[in-house]
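Dropping upload09.cif in here (mmCIF, C-alpha atoms):
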```cif
data_work
#
loop_
_atom_site.group_PDB
_atom_site.id
_atom_site.type_symbol
_atom_site.label_atom_id
_atom_site.label_comp_id
_atom_site.auth_asym_id
_atom_site.auth_seq_id
_atom_site.Cartn_x
_atom_site.Cartn_y
_atom_site.Cartn_z
ATOM 1 C CA MET P 1 0.000 0.000 0.000
ATOM 2 C CA SER P 2 1.395 3.424 -0.925
ATOM 3 C CA ASN P 3 1.857 6.120 1.639
ATOM 4 C CA PRO P 4 -0.166 9.344 0.927
ATOM 5 C CA ASN P 5 2.861 11.366 2.028
ATOM 6 C CA ASP P 6 4.887 9.815 -0.830
ATOM 7 C CA THR P 7 2.439 11.272 -3.337
ATOM 8 C CA TYR P 8 2.660 14.674 -1.681
ATOM 9 C CA LEU P 9 6.452 14.603 -1.703
ATOM 10 C CA ASN P 10 6.530 13.597 -5.381
ATOM 11 C CA GLU P 11 4.149 16.442 -6.281
ATOM 12 C CA LYS P 12 6.252 18.846 -4.225
ATOM 13 C CA ASN P 13 9.422 17.701 -6.044
ATOM 14 C CA MET P 14 7.634 17.999 -9.389
ATOM 15 C CA HIS P 15 6.832 21.658 -8.689
ATOM 16 C CA LYS P 16 10.427 22.251 -7.653
ATOM 17 C CA SER P 17 11.573 20.709 -10.958
ATOM 18 C CA LEU P 18 9.271 23.013 -12.884
ATOM 19 C CA TYR P 19 10.829 25.946 -11.060
ATOM 20 C CA VAL P 20 14.299 24.761 -12.092
ATOM 21 C CA LEU P 21 13.140 24.308 -15.703
ATOM 22 C CA ASP P 22 11.544 27.770 -15.751
ATOM 23 C CA LYS P 23 14.715 29.320 -14.388
ATOM 24 C CA ALA P 24 16.817 27.519 -16.998
ATOM 25 C CA SER P 25 14.454 28.758 -19.715
ATOM 26 C CA LEU P 26 14.707 32.324 -18.455
ATOM 27 C CA GLU P 27 18.491 32.049 -18.394
ATOM 28 C CA ARG P 28 18.351 30.989 -22.071
ATOM 29 C CA ALA P 29 16.407 34.187 -22.732
ATOM 30 C CA THR P 30 18.934 36.378 -20.914
ATOM 31 C CA ASN P 31 21.809 34.650 -22.716
ATOM 32 C CA TYR P 32 20.048 35.395 -26.006
ATOM 33 C CA ILE P 33 19.634 39.051 -24.985
ATOM 34 C CA GLN P 34 23.328 39.240 -24.045
ATOM 35 C CA ASP P 35 24.302 37.796 -27.435
ATOM 36 C CA TYR P 36 21.845 39.706 -29.641
ATOM 37 C CA TYR P 37 21.320 43.005 -27.775
ATOM 38 C CA SER P 38 22.143 44.966 -30.935
ATOM 39 C CA GLU P 39 19.226 43.438 -32.810
ATOM 40 C CA ASN P 40 15.495 43.978 -32.548
ATOM 41 C CA ILE P 41 14.474 41.523 -29.810
ATOM 42 C CA SER P 42 10.783 40.767 -29.549
ATOM 43 C CA ILE P 43 8.871 39.220 -26.676
ATOM 44 C CA ASP P 44 7.575 36.636 -29.158
ATOM 45 C CA SER P 45 11.106 35.518 -30.065
ATOM 46 C CA LEU P 46 12.010 35.203 -26.374
ATOM 47 C CA CYS P 47 8.829 33.199 -25.771
ATOM 48 C CA ARG P 48 9.852 30.801 -28.533
ATOM 49 C CA ILE P 49 13.303 30.395 -26.974
ATOM 50 C CA THR P 50 11.828 29.678 -23.540
ATOM 51 C CA TYR P 51 8.854 27.621 -24.768
ATOM 52 C CA MET P 52 6.515 29.835 -22.735
ATOM 53 C CA GLY P 53 3.441 31.860 -23.496
ATOM 54 C CA ARG P 54 3.689 35.653 -23.373
ATOM 55 C CA THR P 55 1.978 36.079 -20.019
ATOM 56 C CA LYS P 56 3.896 33.338 -18.240
ATOM 57 C CA PHE P 57 7.186 34.554 -19.693
ATOM 58 C CA LYS P 58 6.625 38.173 -18.696
ATOM 59 C CA VAL P 59 5.410 37.301 -15.198
ATOM 60 C CA LEU P 60 8.229 34.853 -14.469
ATOM 61 C CA PHE P 61 10.861 37.154 -15.960
ATOM 62 C CA LYS P 62 9.805 39.976 -13.663
ATOM 63 C CA GLN P 63 9.619 37.580 -10.706
ATOM 64 C CA TYR P 64 13.161 36.246 -11.256
ATOM 65 C CA PHE P 65 14.949 39.391 -12.402
ATOM 66 C CA HIS P 66 12.906 42.104 -10.644
ATOM 67 C CA CYS P 67 12.495 44.101 -13.848
ATOM 68 C CA THR P 68 10.569 43.866 -17.087
ATOM 69 C CA VAL P 69 12.074 42.335 -20.207
ATOM 70 C CA THR P 70 12.234 45.792 -21.798
ATOM 71 C CA GLU P 71 14.062 47.211 -18.783
ATOM 72 C CA TYR P 72 16.519 44.314 -18.874
ATOM 73 C CA ILE P 73 17.273 44.782 -22.579
ATOM 74 C CA ARG P 74 17.691 48.520 -22.023
ATOM 75 C CA GLU P 75 20.112 47.919 -19.134
ATOM 76 C CA VAL P 76 22.193 45.502 -21.216
ATOM 77 C CA ARG P 77 22.353 47.990 -24.086
ATOM 78 C CA VAL P 78 23.295 50.937 -21.877
ATOM 79 C CA ASN P 79 26.003 48.892 -20.126
ATOM 80 C CA LYS P 80 27.457 47.826 -23.489
ATOM 81 C CA ALA P 81 27.372 51.455 -24.630
ATOM 82 C CA LYS P 82 29.150 52.578 -21.457
ATOM 83 C CA ASP P 83 31.898 50.054 -22.129
ATOM 84 C CA LEU P 84 32.272 51.201 -25.753
ATOM 85 C CA LEU P 85 32.305 54.870 -24.778
ATOM 86 C CA LYS P 86 34.942 54.272 -22.102
ATOM 87 C CA ASN P 87 37.235 52.038 -24.112
ATOM 88 C CA THR P 88 36.959 53.103 -27.754
ATOM 89 C CA SER P 89 36.872 56.177 -29.945
ATOM 90 C CA ILE P 90 33.943 54.897 -31.994
ATOM 91 C CA PRO P 91 31.641 57.821 -32.853
ATOM 92 C CA ILE P 92 28.560 58.026 -30.650
ATOM 93 C CA ILE P 93 26.219 57.588 -33.614
ATOM 94 C CA GLU P 94 27.922 54.242 -34.330
ATOM 95 C CA VAL P 95 27.861 53.240 -30.665
ATOM 96 C CA ALA P 96 24.107 53.850 -30.688
ATOM 97 C CA SER P 97 23.699 51.571 -33.687
ATOM 98 C CA MET P 98 26.036 48.925 -32.278
ATOM 99 C CA VAL P 99 23.935 48.593 -29.120
ATOM 100 C CA GLY P 100 20.594 48.413 -30.918
ATOM 101 C CA TYR P 101 19.414 52.012 -31.263
ATOM 102 C CA ASN P 102 18.788 53.192 -34.817
ATOM 103 C CA ASN P 103 17.885 56.679 -33.600
ATOM 104 C CA PRO P 104 20.898 58.420 -32.000
ATOM 105 C CA GLY P 105 18.645 60.998 -30.342
ATOM 106 C CA ARG P 106 16.619 58.267 -28.673
ATOM 107 C CA PHE P 107 19.850 56.577 -27.607
ATOM 108 C CA SER P 108 21.143 59.817 -26.034
ATOM 109 C CA HIS P 109 17.842 60.349 -24.213
ATOM 110 C CA ILE P 110 17.806 56.804 -22.801
ATOM 111 C CA PHE P 111 21.502 56.986 -21.901
ATOM 112 C CA MET P 112 20.900 60.272 -20.056
ATOM 113 C CA GLU P 113 17.935 58.838 -18.143
ATOM 114 C CA ASP P 114 19.910 55.787 -17.052
ATOM 115 C CA THR P 115 23.318 57.301 -16.301
ATOM 116 C CA GLY P 116 22.651 60.963 -15.547
ATOM 117 C CA SER P 117 24.887 62.158 -18.377
ATOM 118 C CA TYR P 118 24.804 62.308 -22.142
ATOM 119 C CA PRO P 119 27.032 59.851 -24.041
ATOM 120 C CA SER P 120 29.563 62.564 -24.961
ATOM 121 C CA GLU P 121 29.811 63.727 -21.334
ATOM 122 C CA TYR P 122 30.118 60.144 -20.139
ATOM 123 C CA ARG P 123 32.920 59.469 -22.584
ATOM 124 C CA VAL P 124 34.931 62.508 -21.460
ATOM 125 C CA SER P 125 34.561 61.830 -17.745
ATOM 126 C CA ASN P 126 35.060 58.045 -17.885
ATOM 127 C CA ARG P 127 37.754 57.657 -20.497
ATOM 128 C CA SER P 128 40.126 54.723 -19.972
ATOM 129 C CA GLU P 129 43.733 55.767 -20.019
#
```
Rewrite the structure from the file as structure tokens, please.
Amino acid sequence: MSNPNDTYLNEKNMHKSLYVLDKASLERATNYIQDYYSENISIDSLCRITYMGRTKFKVLFKQYFHCTVTEYIREVRVNKAKDLLKNTSIPIIEVASMVGYNNPGRFSHIFMEDTGSYPSEYRVSNRSE
């Protein structure tokens, strides 16, 4: 005769496994964002990568990373731009394009909101020697 507690423990472990699988799927999405930040990344493409529906993906992403997918992509792009501005002489218009912004004005606005300085100011004050 089976013990009812065995069934409970198996169900509990099953839910834990789903959590691990969801986390692994979300990590695939963040790896994709890290690799393809310069491209147009859609929620639908990330859902395909994670094998999740839109709602589940967006809810779990925010739960695990404490930000929306859009905020995460923006943070990755701004951090890549900061690195390029610090360590290269690539023109700002090209940096914008390299990190996924086709509109340099929009890039400057976002960069200013996130860092407190415009890209040109950031470059001057954070230049690697």
Mind giving me the straight-line distance from atom CA of P:Val20 to atom CA of P:Lys62 in Å, one decimal?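 Answer for the atom CA of P:Val20 to atom CA of P:Lys62 separation: 15.9 Å.
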Pick out the residues sitting within 10 Å of stretch 23-36 of chain P, and hand them over as a list in words; count all atoms listed in the file, and ignore anything fewer than 5 positions along from it in its own chain.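 Within the cut-off, the hits are Ser17, Leu18, Ile41, Ile43, Ser45, Leu46, Cys47, Arg48, Ile49, Thr50, Tyr51, Met52, Phe57, Lys58, Leu60, Phe61, Tyr64, Phe65, Val69, Tyr72, Ile73, Val76, Arg77, Lys80, Val99 and Gly100 of chain P.
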Find the residues near P:Pro119: any atom within 12 Å, counting only C-alpha atoms, skip ones fewer than 3 places away on the same chain, and give them as a PDB file with C-alpha atoms, in the coordinates of the input.
```
ATOM      1  CA  VAL P  78      23.295  50.937 -21.877  1.00  0.00           C
ATOM      2  CA  ASN P  79      26.003  48.892 -20.126  1.00  0.00           C
ATOM      3  CA  ALA P  81      27.372  51.455 -24.630  1.00  0.00           C
ATOM      4  CA  LYS P  82      29.150  52.578 -21.457  1.00  0.00           C
ATOM      5  CA  ASP P  83      31.898  50.054 -22.129  1.00  0.00           C
ATOM      6  CA  LEU P  84      32.272  51.201 -25.753  1.00  0.00           C
ATOM      7  CA  LEU P  85      32.305  54.870 -24.778  1.00  0.00           C
ATOM      8  CA  LYS P  86      34.942  54.272 -22.102  1.00  0.00           C
ATOM      9  CA  ILE P  90      33.943  54.897 -31.994  1.00  0.00           C
ATOM     10  CA  PRO P  91      31.641  57.821 -32.853  1.00  0.00           C
ATOM     11  CA  ILE P  92      28.560  58.026 -30.650  1.00  0.00           C
ATOM     12  CA  ILE P  93      26.219  57.588 -33.614  1.00  0.00           C
ATOM     13  CA  GLU P  94      27.922  54.242 -34.330  1.00  0.00           C
ATOM     14  CA  VAL P  95      27.861  53.240 -30.665  1.00  0.00           C
ATOM     15  CA  ALA P  96      24.107  53.850 -30.688  1.00  0.00           C
ATOM     16  CA  PRO P 104      20.898  58.420 -32.000  1.00  0.00           C
ATOM     17  CA  GLY P 105      18.645  60.998 -30.342  1.00  0.00           C
ATOM     18  CA  ARG P 106      16.619  58.267 -28.673  1.00  0.00           C
ATOM     19  CA  PHE P 107      19.850  56.577 -27.607  1.00  0.00           C
ATOM     20  CA  SER P 108      21.143  59.817 -26.034  1.00  0.00           C
ATOM     21  CA  HIS P 109      17.842  60.349 -24.213  1.00  0.00           C
ATOM     22  CA  ILE P 110      17.806  56.804 -22.801  1.00  0.00           C
ATOM     23  CA  PHE P 111      21.502  56.986 -21.901  1.00  0.00           C
ATOM     24  CA  MET P 112      20.900  60.272 -20.056  1.00  0.00           C
ATOM     25  CA  GLU P 113      17.935  58.838 -18.143  1.00  0.00           C
ATOM     26  CA  ASP P 114      19.910  55.787 -17.052  1.00  0.00           C
ATOM     27  CA  THR P 115      23.318  57.301 -16.301  1.00  0.00           C
ATOM     28  CA  GLY P 116      22.651  60.963 -15.547  1.00  0.00           C
ATOM     29  CA  TYR P 122      30.118  60.144 -20.139  1.00  0.00           C
ATOM     30  CA  ARG P 123      32.920  59.469 -22.584  1.00  0.00           C
ATOM     31  CA  VAL P 124      34.931  62.508 -21.460  1.00  0.00           C
ATOM     32  CA  SER P 125      34.561  61.830 -17.745  1.00  0.00           C
ATOM     33  CA  ASN P 126      35.060  58.045 -17.885  1.00  0.00           C
ATOM     34  CA  ARG P 127      37.754  57.657 -20.497  1.00  0.00           C
TER      35      ARG P 127
END
```
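Atom pair atom CA of P:Tyr118 / atom CA of P:His66 has a distance of 26.1 Å (rounded to one decimal).
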Straight-line distance linking atom CA of P:Gly53 with atom CA of P:Leu21, stated in Å to one decimal: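 Going from atom CA of P:Gly53 over to atom CA of P:Leu21, I get 14.6 Å.
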Please, what is the axis-aligned box for every listed atom of stretch 69-82 of chain P with 4 Å on each side, as centre and edge lengths in Å to one decimal, as JSON?
```
{"center_x": 20.6, "center_y": 47.5, "center_z": -21.7, "size_x": 25.1, "size_y": 18.2, "size_z": 13.8}
```
Which residue out of P:Ser97, P:Lys56, P:Tyr37, P:Ser117 has the minimum interatomic distance to P:Glu75 when only C-alpha atoms are used?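 Of P:Ser97, P:Lys56, P:Tyr37, P:Ser117, the one nearest P:Glu75 is P:Tyr37, counting only C-alpha atoms.
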For each of P:Glu121, P:Asp22, P:Ser89, P:Ser38, take the minimum atom-to-atom distance to P:Tyr101, counting all atoms listed in the file, then give the residue where this is smallest. P:Ser38
Reconstruct N, CA and C atoms of stretch 87-99 of chain P; output as a JSON list (two decimals), in the frame of the given file.
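Everything below was put into part_11.json:
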```json
[["chain", "number", "residue", "atom", "x", "y", "z"],
["P", 87, "ASN", "N", 36.06, 52.76, -23.62],
["P", 87, "ASN", "CA", 37.24, 52.04, -24.11],
["P", 87, "ASN", "C", 37.53, 52.17, -25.60],
["P", 88, "THR", "N", 36.71, 52.93, -26.32],
["P", 88, "THR", "CA", 36.96, 53.10, -27.75],
["P", 88, "THR", "C", 36.75, 54.56, -28.15],
["P", 89, "SER", "N", 37.12, 54.85, -29.37],
["P", 89, "SER", "CA", 36.87, 56.18, -29.94],
["P", 89, "SER", "C", 35.79, 56.11, -31.02],
["P", 90, "ILE", "N", 35.02, 55.06, -31.01],
["P", 90, "ILE", "CA", 33.94, 54.90, -31.99],
["P", 90, "ILE", "C", 32.97, 56.06, -31.84],
["P", 91, "PRO", "N", 32.60, 56.71, -32.94],
["P", 91, "PRO", "CA", 31.64, 57.82, -32.85],
["P", 91, "PRO", "C", 30.33, 57.40, -32.16],
["P", 92, "ILE", "N", 29.76, 58.32, -31.43],
["P", 92, "ILE", "CA", 28.56, 58.03, -30.65],
["P", 92, "ILE", "C", 27.42, 57.51, -31.53],
["P", 93, "ILE", "N", 27.27, 58.05, -32.71],
["P", 93, "ILE", "CA", 26.22, 57.59, -33.61],
["P", 93, "ILE", "C", 26.40, 56.10, -33.94],
["P", 94, "GLU", "N", 27.65, 55.66, -34.07],
["P", 94, "GLU", "CA", 27.92, 54.24, -34.33],
["P", 94, "GLU", "C", 27.73, 53.40, -33.07],
["P", 95, "VAL", "N", 28.09, 53.95, -31.93],
["P", 95, "VAL", "CA", 27.86, 53.24, -30.66],
["P", 95, "VAL", "C", 26.37, 52.98, -30.51],
["P", 96, "ALA", "N", 25.57, 54.00, -30.79],
["P", 96, "ALA", "CA", 24.11, 53.85, -30.69],
["P", 96, "ALA", "C", 23.64, 52.68, -31.54],
["P", 97, "SER", "N", 24.09, 52.64, -32.77],
["P", 97, "SER", "CA", 23.70, 51.57, -33.69],
["P", 97, "SER", "C", 24.22, 50.21, -33.22],
["P", 98, "MET", "N", 25.42, 50.18, -32.73],
["P", 98, "MET", "CA", 26.04, 48.92, -32.28],
["P", 98, "MET", "C", 25.29, 48.29, -31.10],
["P", 99, "VAL", "N", 24.65, 49.12, -30.29],
["P", 99, "VAL", "CA", 23.94, 48.59, -29.12],
["P", 99, "VAL", "C", 22.43, 48.50, -29.35]]
```
